[in-house]
Amino acid sequence: MPLEAGLLEILACPACHAPLREEQSPETLELVCTGEGCGLAYPVRDGIPVLLVDEARRPA
């Protein structure tokens with residue numbers, strides 16, 4: 001379930017404050033940081049973004 005466009009516009013990476021983009025695979029939805037050198041991927045659970053650095057997946 002994609003997030004509302006207005007919500008995505010105001011969200012930022014808690015680690016570096018760069019904008020986030022939505023990435024969806026068949027089983028998960030994540031918000032991925034667009035910041036150079038950051039790239040953390042934050043999970044979206046039940047339609048709610050979990051913007052905690054401790055919960056983020058590090059880039060591969």
# chains A, B, ... in the order shown; residues from 1 in each chain; ligands from 1

call {"tool": "select_by_dssp", "arguments": {"residues": "chain A", "states": "helix (DSSP H, G or I)", "output": "VMD selection string"}}
result
chain A and resid 5 to 10 53 to 55

call {"tool": "residues_around", "arguments": {"residues": "segment 38-41 of chain A", "least_positions_apart": "6", "cutoff": "6 Å", "atoms": "only C-alpha atoms", "output": "PyMOL selection string"}}
result
chain A and resi 30-32+56-59

call {"tool": "write_last_selection", "arguments": {"atoms": "N, CA, C and O atoms", "output": "tab-separated table (two decimals), in the first residue's frame"}}
result
chain	number	residue	atom	x	y	z
A	30	GLU	N	9.47	-0.03	1.70
A	30	GLU	CA	10.48	0.68	2.46
A	30	GLU	C	10.58	2.11	1.96
A	30	GLU	O	10.25	2.40	0.82
A	31	LEU	N	11.05	2.99	2.84
A	31	LEU	CA	11.41	4.34	2.46
A	31	LEU	C	12.92	4.41	2.49
A	31	LEU	O	13.54	4.17	3.53
A	32	VAL	N	13.53	4.71	1.35
A	32	VAL	CA	14.97	4.68	1.21
A	32	VAL	C	15.51	6.10	1.12
A	32	VAL	O	15.00	6.94	0.36
A	56	ALA	N	16.34	0.72	10.81
A	56	ALA	CA	16.66	0.84	9.39
A	56	ALA	C	17.61	-0.27	8.95
A	56	ALA	O	18.43	-0.74	9.71
A	57	ARG	N	17.46	-0.62	7.67
A	57	ARG	CA	18.35	-1.58	7.04
A	57	ARG	C	19.47	-0.81	6.37
A	57	ARG	O	19.26	0.19	5.69
A	58	ARG	N	20.70	-1.25	6.61
A	58	ARG	CA	21.87	-0.60	6.00
A	58	ARG	C	21.96	-0.99	4.53
A	58	ARG	O	21.58	-2.09	4.15
A	59	PRO	N	22.48	-0.10	3.68
A	59	PRO	CA	22.61	-0.44	2.26
A	59	PRO	C	23.61	-1.58	2.06
A	59	PRO	O	24.56	-1.72	2.83

call {"tool": "residues_around", "arguments": {"residues": "Leu52 of chain A", "least_positions_apart": "3", "cutoff": "9 Å", "atoms": "only C-alpha atoms", "output": "VMD selection string"}}
result
chain A and resid 14 to 15 42 55 to 56

call {"tool": "write_last_selection", "arguments": {"atoms": "all heavy atoms", "output": "PDB file, in the first residue's frame"}}
result
ATOM      1  N   PRO A  14      15.900  10.510   9.242  1.00  0.00           N
ATOM      2  CA  PRO A  14      16.269  11.009  10.562  1.00  0.00           C
ATOM      3  C   PRO A  14      17.781  11.078  10.779  1.00  0.00           C
ATOM      4  O   PRO A  14      18.248  11.816  11.626  1.00  0.00           O
ATOM      5  CB  PRO A  14      15.641  10.016  11.543  1.00  0.00           C
ATOM      6  CG  PRO A  14      14.985   8.978  10.754  1.00  0.00           C
ATOM      7  CD  PRO A  14      15.138   9.267   9.308  1.00  0.00           C
ATOM      8  N   ALA A  15      18.550  10.341   9.993  1.00  0.00           N
ATOM      9  CA  ALA A  15      20.006  10.318  10.166  1.00  0.00           C
ATOM     10  C   ALA A  15      20.687  11.501   9.480  1.00  0.00           C
ATOM     11  O   ALA A  15      21.562  12.134  10.066  1.00  0.00           O
ATOM     12  CB  ALA A  15      20.575   9.005   9.643  1.00  0.00           C
ATOM     13  N   TYR A  42      14.136   2.422   5.576  1.00  0.00           N
ATOM     14  CA  TYR A  42      13.244   2.360   6.733  1.00  0.00           C
ATOM     15  C   TYR A  42      12.002   1.545   6.383  1.00  0.00           C
ATOM     16  O   TYR A  42      11.381   1.771   5.336  1.00  0.00           O
ATOM     17  CB  TYR A  42      12.834   3.774   7.158  1.00  0.00           C
ATOM     18  CG  TYR A  42      14.019   4.614   7.568  1.00  0.00           C
ATOM     19  CD1 TYR A  42      14.679   5.421   6.645  1.00  0.00           C
ATOM     20  CD2 TYR A  42      14.501   4.581   8.863  1.00  0.00           C
ATOM     21  CE1 TYR A  42      15.775   6.180   7.017  1.00  0.00           C
ATOM     22  CE2 TYR A  42      15.600   5.332   9.242  1.00  0.00           C
ATOM     23  CZ  TYR A  42      16.224   6.125   8.311  1.00  0.00           C
ATOM     24  OH  TYR A  42      17.325   6.870   8.670  1.00  0.00           O
ATOM     25  N   GLU A  55      15.989   0.758  13.507  1.00  0.00           N
ATOM     26  CA  GLU A  55      15.146  -0.170  12.758  1.00  0.00           C
ATOM     27  C   GLU A  55      15.501  -0.200  11.270  1.00  0.00           C
ATOM     28  O   GLU A  55      15.001  -1.052  10.534  1.00  0.00           O
ATOM     29  CB  GLU A  55      13.682   0.214  12.909  1.00  0.00           C
ATOM     30  CG  GLU A  55      13.128   0.076  14.301  1.00  0.00           C
ATOM     31  CD  GLU A  55      12.846  -1.363  14.670  1.00  0.00           C
ATOM     32  OE1 GLU A  55      12.444  -2.151  13.802  1.00  0.00           O
ATOM     33  OE2 GLU A  55      13.036  -1.685  15.849  1.00  0.00           O
ATOM     34  N   ALA A  56      16.338   0.723  10.814  1.00  0.00           N
ATOM     35  CA  ALA A  56      16.660   0.843   9.387  1.00  0.00           C
ATOM     36  C   ALA A  56      17.613  -0.268   8.947  1.00  0.00           C
ATOM     37  O   ALA A  56      18.430  -0.745   9.709  1.00  0.00           O
ATOM     38  CB  ALA A  56      17.269   2.198   9.108  1.00  0.00           C
TER      39      ALA A  56
END

call {"tool": "residues_around", "arguments": {"residues": "Ile10 of chain A", "least_positions_apart": "4", "cutoff": "10 Å", "atoms": "only C-alpha atoms", "output": "PDB file with all heavy atoms, in the first residue's frame"}}
result
ATOM      1  N   ALA A   5       1.178  10.946  -1.327  1.00  0.00           N
ATOM      2  CA  ALA A   5       2.231  11.786  -1.896  1.00  0.00           C
ATOM      3  C   ALA A   5       2.564  12.958  -0.963  1.00  0.00           C
ATOM      4  O   ALA A   5       3.729  13.310  -0.796  1.00  0.00           O
ATOM      5  CB  ALA A   5       1.822  12.295  -3.265  1.00  0.00           C
ATOM      6  N   GLY A   6       1.564  13.547  -0.347  1.00  0.00           N
ATOM      7  CA  GLY A   6       1.793  14.672   0.561  1.00  0.00           C
ATOM      8  C   GLY A   6       2.625  14.278   1.759  1.00  0.00           C
ATOM      9  O   GLY A   6       3.473  15.047   2.227  1.00  0.00           O
ATOM     10  N   PRO A  19      15.798  13.733   1.565  1.00  0.00           N
ATOM     11  CA  PRO A  19      14.472  13.209   1.201  1.00  0.00           C
ATOM     12  C   PRO A  19      14.479  11.682   1.123  1.00  0.00           C
ATOM     13  O   PRO A  19      15.519  11.057   0.955  1.00  0.00           O
ATOM     14  CB  PRO A  19      14.229  13.808  -0.187  1.00  0.00           C
ATOM     15  CG  PRO A  19      15.178  14.939  -0.313  1.00  0.00           C
ATOM     16  CD  PRO A  19      16.357  14.616   0.546  1.00  0.00           C
ATOM     17  N   LEU A  20      13.288  11.111   1.235  1.00  0.00           N
ATOM     18  CA  LEU A  20      13.111   9.665   1.151  1.00  0.00           C
ATOM     19  C   LEU A  20      12.334   9.326  -0.108  1.00  0.00           C
ATOM     20  O   LEU A  20      11.500  10.103  -0.561  1.00  0.00           O
ATOM     21  CB  LEU A  20      12.349   9.149   2.378  1.00  0.00           C
ATOM     22  CG  LEU A  20      13.028   9.349   3.723  1.00  0.00           C
ATOM     23  CD1 LEU A  20      12.046   9.057   4.857  1.00  0.00           C
ATOM     24  CD2 LEU A  20      14.258   8.475   3.854  1.00  0.00           C
TER      25      LEU A  20
END

call {"tool": "closest_residue", "arguments": {"among": "A:Cys33, A:Glu23, A:Thr28, A:Leu7", "to": "Val53 of chain A", "atoms": "only C-alpha atoms"}}
result
A:Cys33
